[in-house]
file input_6.tsv (TSV, C-alpha atoms)
chain	number	residue	atom	x	y	z
A	296	MET	CA	11.82	11.82	7.98
A	297	LEU	CA	8.74	9.64	7.77
A	298	PRO	CA	7.90	7.36	4.85
A	299	VAL	CA	5.16	8.63	2.55
A	300	SER	CA	2.85	6.68	0.26
A	301	VAL	CA	1.67	8.26	-2.97
A	302	ASN	CA	-1.16	6.94	-5.14
A	303	LEU	CA	-0.10	6.50	-8.73
A	304	SER	CA	-2.95	6.47	-11.20
A	305	ARG	CA	-3.29	4.23	-14.24
A	306	CYS	CA	-3.27	7.39	-16.35
A	307	HIS	CA	0.47	7.72	-15.53
A	308	LEU	CA	1.27	4.37	-17.19
A	309	PRO	CA	1.43	5.59	-20.79
A	310	GLU	CA	3.50	8.67	-19.86
A	311	GLU	CA	7.14	7.94	-20.65
A	312	ASP	CA	8.55	10.58	-18.31
A	313	THR	CA	6.71	9.62	-15.10
A	314	VAL	CA	9.78	8.29	-13.30
A	315	GLU	CA	11.97	11.17	-14.53
A	316	ARG	CA	9.46	13.67	-13.12
A	317	ILE	CA	9.32	11.79	-9.83
A	318	MET	CA	13.13	11.67	-9.58
A	319	ALA	CA	13.37	15.40	-10.33
A	320	ILE	CA	11.13	16.04	-7.31
A	321	VAL	CA	13.15	13.60	-5.17
A	322	GLN	CA	16.37	15.39	-6.08
A	323	ARG	CA	14.94	18.91	-5.74
A	324	TYR	CA	13.79	18.26	-2.17
A	325	GLY	CA	16.59	15.89	-1.13
A	326	ILE	CA	14.22	13.02	-0.35
A	327	GLU	CA	15.65	9.59	0.42
A	328	PRO	CA	14.07	7.43	-2.33
A	329	SER	CA	13.41	4.50	0.03
A	330	LEU	CA	11.04	6.76	2.00
A	331	LEU	CA	8.68	7.06	-0.96
A	332	GLU	CA	6.24	4.28	-1.78
A	333	PHE	CA	4.07	4.39	-4.87
A	334	GLU	CA	0.71	2.67	-4.51
A	335	LEU	CA	-0.73	1.20	-7.67
A	336	THR	CA	-4.26	-0.08	-7.79
A	337	GLU	CA	-4.72	-3.76	-8.53
A	338	THR	CA	-7.42	-3.17	-11.13
A	339	VAL	CA	-5.22	-2.79	-14.19
A	340	ASP	CA	-6.50	-4.25	-17.42
A	341	ASN	CA	-4.35	-6.55	-19.56
A	342	GLU	CA	-3.25	-3.90	-22.04
A	343	ASP	CA	-1.78	-1.81	-19.21
A	344	TYR	CA	-0.02	-4.74	-17.55
A	345	GLN	CA	3.30	-4.48	-19.44
A	346	ALA	CA	3.43	-0.74	-18.85
A	347	LEU	CA	2.76	-1.31	-15.15
A	348	GLU	CA	5.50	-3.92	-14.91
A	349	ALA	CA	8.00	-1.61	-16.65
A	350	LEU	CA	7.03	1.34	-14.46
A	351	MET	CA	7.42	-0.64	-11.24
A	352	ALA	CA	10.80	-2.00	-12.32
A	353	GLU	CA	11.99	1.52	-13.14
A	354	LEU	CA	10.78	2.86	-9.78
A	355	HIS	CA	12.67	0.05	-8.03
A	356	ALA	CA	15.81	0.77	-10.06
A	357	HIS	CA	15.80	4.26	-8.52
A	358	GLY	CA	15.39	2.92	-4.97
A	359	LEU	CA	11.70	3.82	-4.70
A	360	ARG	CA	9.25	1.40	-3.10
A	361	THR	CA	6.04	0.06	-4.65
A	362	SER	CA	2.85	-1.45	-3.33
A	363	ILE	CA	-0.40	-2.79	-4.70
A	364	ASP	CA	-3.35	-0.94	-3.17
A	365	ASP	CA	-6.78	-2.48	-2.53
A	366	PHE	CA	-5.32	-5.96	-3.06
A	367	GLY	CA	-8.03	-8.58	-3.34
A	368	THR	CA	-10.58	-6.50	-5.22
A	369	GLY	CA	-9.52	-7.43	-8.77
A	370	TYR	CA	-9.23	-10.64	-10.71
A	371	SER	CA	-5.51	-10.85	-11.40
A	372	SER	CA	-4.12	-10.81	-7.88
A	373	LEU	CA	-1.99	-13.93	-8.11
A	374	THR	CA	-0.60	-12.98	-11.51
A	375	LEU	CA	0.45	-9.62	-10.12
A	376	LEU	CA	2.25	-11.26	-7.21
A	377	GLN	CA	4.00	-13.69	-9.49
A	378	THR	CA	5.56	-11.13	-11.78
A	379	LEU	CA	5.53	-7.58	-10.41
A	380	PRO	CA	8.39	-6.20	-8.28
A	381	VAL	CA	6.27	-5.18	-5.31
A	382	ASP	CA	7.35	-4.33	-1.76
A	383	ALA	CA	3.95	-4.35	-0.05
A	384	LEU	CA	0.35	-5.45	-0.43
A	385	LYS	CA	-2.34	-3.22	0.98
A	386	LEU	CA	-5.13	-5.70	1.68
A	387	ASP	CA	-8.50	-4.22	0.86
A	388	LYS	CA	-10.76	-3.23	3.74
A	389	SER	CA	-13.51	-5.50	2.42
A	390	PHE	CA	-11.71	-8.45	4.04
A	391	LEU	CA	-12.41	-6.96	7.49
A	392	GLN	CA	-16.06	-6.11	6.94
A	393	SER	CA	-18.55	-7.89	9.14
A	394	GLY	CA	-19.16	-11.44	8.05
A	395	GLN	CA	-15.79	-11.69	6.29
A	396	MET	CA	-13.68	-12.44	9.37
A	397	ASP	CA	-14.79	-16.05	9.55
A	398	GLY	CA	-15.49	-18.83	7.09
A	399	ARG	CA	-14.21	-18.59	3.54
A	400	GLY	CA	-13.32	-14.91	3.76
A	401	SER	CA	-10.93	-15.47	6.64
A	402	ILE	CA	-9.27	-18.40	4.85
A	403	VAL	CA	-8.57	-16.28	1.78
A	404	PHE	CA	-7.36	-13.36	3.91
A	405	GLU	CA	-5.12	-15.47	6.15
A	406	GLU	CA	-3.59	-17.43	3.28
A	407	GLY	CA	-2.94	-14.17	1.42
A	408	ILE	CA	-0.97	-12.92	4.42
A	409	ARG	CA	1.01	-16.18	4.62
A	410	MET	CA	1.73	-16.12	0.90
A	411	ALA	CA	2.94	-12.52	1.05
A	412	GLY	CA	5.29	-13.50	3.87
A	413	ARG	CA	6.73	-16.38	1.87
A	414	LEU	CA	7.25	-13.99	-1.07
A	415	ARG	CA	8.92	-11.48	1.28
A	416	ILE	CA	6.26	-8.89	0.54
A	417	GLY	CA	5.09	-6.63	3.37
A	418	VAL	CA	1.41	-6.51	4.30
A	419	VAL	CA	-0.76	-3.55	5.25
A	420	ALA	CA	-4.29	-4.32	6.42
A	421	GLU	CA	-6.64	-1.49	5.48
A	422	GLY	CA	-9.92	-0.63	7.11
A	423	ALA	CA	-9.49	-1.58	10.78
A	424	GLU	CA	-12.35	0.09	12.62
A	425	THR	CA	-12.93	-2.03	15.74
A	426	GLN	CA	-10.93	-3.56	18.58
A	427	GLN	CA	-12.09	-7.00	17.39
A	428	GLN	CA	-10.55	-6.39	13.96
A	429	VAL	CA	-7.29	-5.12	15.48
A	430	ASP	CA	-7.10	-8.17	17.77
A	431	TYR	CA	-7.70	-10.46	14.78
A	432	LEU	CA	-4.90	-8.77	12.83
A	433	ARG	CA	-2.55	-9.03	15.83
A	434	ARG	CA	-3.25	-12.77	16.03
A	435	LEU	CA	-2.28	-12.98	12.36
A	436	GLU	CA	0.88	-10.99	13.11
A	437	VAL	CA	0.06	-8.24	10.61
A	438	ALA	CA	2.62	-5.57	11.46
A	439	THR	CA	1.03	-2.61	9.69
A	440	VAL	CA	-2.63	-1.74	10.13
A	441	GLN	CA	-4.49	1.36	9.08
A	442	GLY	CA	-8.04	2.47	9.61
A	443	TYR	CA	-10.43	4.62	11.59
A	444	PHE	CA	-9.68	2.60	14.74
A	445	TYR	CA	-6.42	4.54	14.92
A	446	ASP	CA	-7.39	7.83	13.32
A	447	ARG	CA	-9.46	9.64	10.73
A	448	PRO	CA	-7.84	11.35	7.75
A	449	LEU	CA	-6.12	14.55	8.85
A	450	SER	CA	-5.77	17.94	7.21
A	451	CYS	CA	-2.22	19.04	6.46
A	452	GLN	CA	-2.33	21.46	9.41
A	453	ASP	CA	-3.53	18.81	11.86
A	454	TYR	CA	-0.89	16.36	10.62
A	455	GLU	CA	1.89	18.90	11.05
A	456	ALA	CA	0.64	19.78	14.54
A	457	ARG	CA	0.65	16.09	15.47
A	458	LEU	CA	4.20	15.67	14.19
A	459	ASP	CA	5.26	18.68	16.26
A	460	ARG	CA	3.68	17.15	19.39
A	461	LEU	CA	5.37	13.78	18.73
A	462	GLN	CA	8.71	15.47	18.32
A	463	TYR	CA	8.48	17.03	21.79
A	464	ASP	CA	6.82	14.14	23.68
call {"tool": "encode", "arguments": {"input": "input_6.tsv", "output": "structure tokens"}}
result
Amino acid sequence: MLPVSVNLSRCHLPEEDTVERIMAIVQRYGIEPSLLEFELTETVDNEDYQALEALMAELHAHGLRTSIDDFGTGYSSLTLLQTLPVDALKLDKSFLQSGQMDGRGSIVFEEGIRMAGRLRIGVVAEGAETQQQVDYLRRLEVATVQGYFYDRPLSCQDYEARLDRLQYD
């Protein structure tokens, strides 16, 4: 079994039965909860914040993982890190865009990675498209990197075919 990340929209925050519906699916298909990670976007306004915090705590109580997607694009990043039970930060691809890998952009990016490490929060760097970006992330010891450098999005059929090939290689 491979871990799977699922985007969870802000529209799910006011729904009281979100976690119950998720757990019904987990039980129906016999999924190990720790293999599911729910990605929540960082851009949550203040009125949704308490609902987000409660939702993430409930997901964790059931053994599910949580992450903040597109981290660094909103204005409340540090507040989110201070209070939310989060397993991973998915650093927004804008940090790796040309011109951002040196100067002030690199300082913010690198310190964000260090801070996540001190908080025992995993880091995923999004948007790696070039060898230069991958080398930069390796120097920073970012363990998980995603982007077009490695692959384009795959259809379900192509993904299943790739898994089949990996299984027999």
call {"tool": "residues_around", "arguments": {"input": "input_6.tsv", "residues": "region 324-329 of chain A", "least_positions_apart": "4", "cutoff": "8 Å", "atoms": "only C-alpha atoms", "output": "list in words"}}
result
Pro298, Ile320, His357, Gly358, Leu359 and Arg360 of chain A
call {"tool": "residues_around", "arguments": {"input": "input_6.tsv", "residues": "Gly417 (chain A)", "least_positions_apart": "5", "cutoff": "7 Å", "atoms": "only C-alpha atoms", "output": "list in words"}}
result
Asp382, Ala383, Leu384, Ala411 and Gly412 of chain A
call {"tool": "atom_distance", "arguments": {"input": "input_6.tsv", "atom1": "CA of Val403 (chain A)", "atom2": "CA of Tyr431 (chain A)"}}
result
14.3 Å
call {"tool": "atom_distance", "arguments": {"input": "input_6.tsv", "atom1": "CA of Gly407 (chain A)", "atom2": "CA of Tyr344 (chain A)"}}
result
21.4 Å
call {"tool": "closest_residue", "arguments": {"input": "input_6.tsv", "among": "A:Val437, A:Ile402, A:Ala456, A:Leu354", "to": "Val381 (chain A)", "atoms": "all atoms listed in the file"}}
result
A:Leu354
call {"tool": "closest_residue", "arguments": {"input": "input_6.tsv", "among": "A:Val314, A:Ala356, A:Leu376, A:Leu330", "to": "Arg413 (chain A)", "atoms": "all atoms listed in the file"}}
result
A:Leu376
call {"tool": "residues_around", "arguments": {"input": "input_6.tsv", "residues": "Ser389 (chain A)", "least_positions_apart": "3", "cutoff": "12 Å", "atoms": "only C-alpha atoms", "output": "list in words"}}
result
Asp365, Phe366, Gly367, Thr368, Lys385, Leu386, Gln392, Ser393, Gly394, Gln395, Met396, Gly400, Ser401, Val403, Phe404, Ala420, Glu421, Gly422, Ala423, Glu424 and Gln428 of chain A
call {"tool": "atom_distance", "arguments": {"input": "input_6.tsv", "atom1": "CA of Ala349 (chain A)", "atom2": "CA of Pro380 (chain A)"}}
result
9.6 Å
call {"tool": "residues_around", "arguments": {"input": "input_6.tsv", "residues": "Ser304 (chain A)", "least_positions_apart": "4", "cutoff": "8 Å", "atoms": "all atoms listed in the file", "output": "PyMOL selection string"}}
result
chain A and resi 308+335-336
call {"tool": "closest_residue", "arguments": {"input": "input_6.tsv", "among": "A:His307, A:Val321, A:Ile408, A:Asp387", "to": "Met351 (chain A)", "atoms": "only C-alpha atoms"}}
result
A:His307
call {"tool": "axis_aligned_box", "arguments": {"input": "input_6.tsv", "around": "region 378-393 of chain A", "padding_each_side": "8 Å", "output": "AutoDock Vina command-line options"}}
result
--center_x -5.1 --center_y -7.2 --center_z -1.3 --size_x 42.9 --size_y 23.9 --size_z 36.9
call {"tool": "closest_residue", "arguments": {"input": "input_6.tsv", "among": "A:Cys451, A:Ile416, A:Ile317, A:Leu458", "to": "Ala438 (chain A)", "atoms": "only C-alpha atoms"}}
result
A:Ile416
call {"tool": "closest_residue", "arguments": {"input": "input_6.tsv", "among": "A:Tyr454, A:Leu347, A:Glu405, A:Thr439", "to": "Phe390 (chain A)", "atoms": "all atoms listed in the file"}}
result
A:Glu405
call {"tool": "closest_residue", "arguments": {"input": "input_6.tsv", "among": "A:Thr378, A:Gln345, A:Thr361, A:Thr425", "to": "Val299 (chain A)", "atoms": "only C-alpha atoms"}}
result
A:Thr361
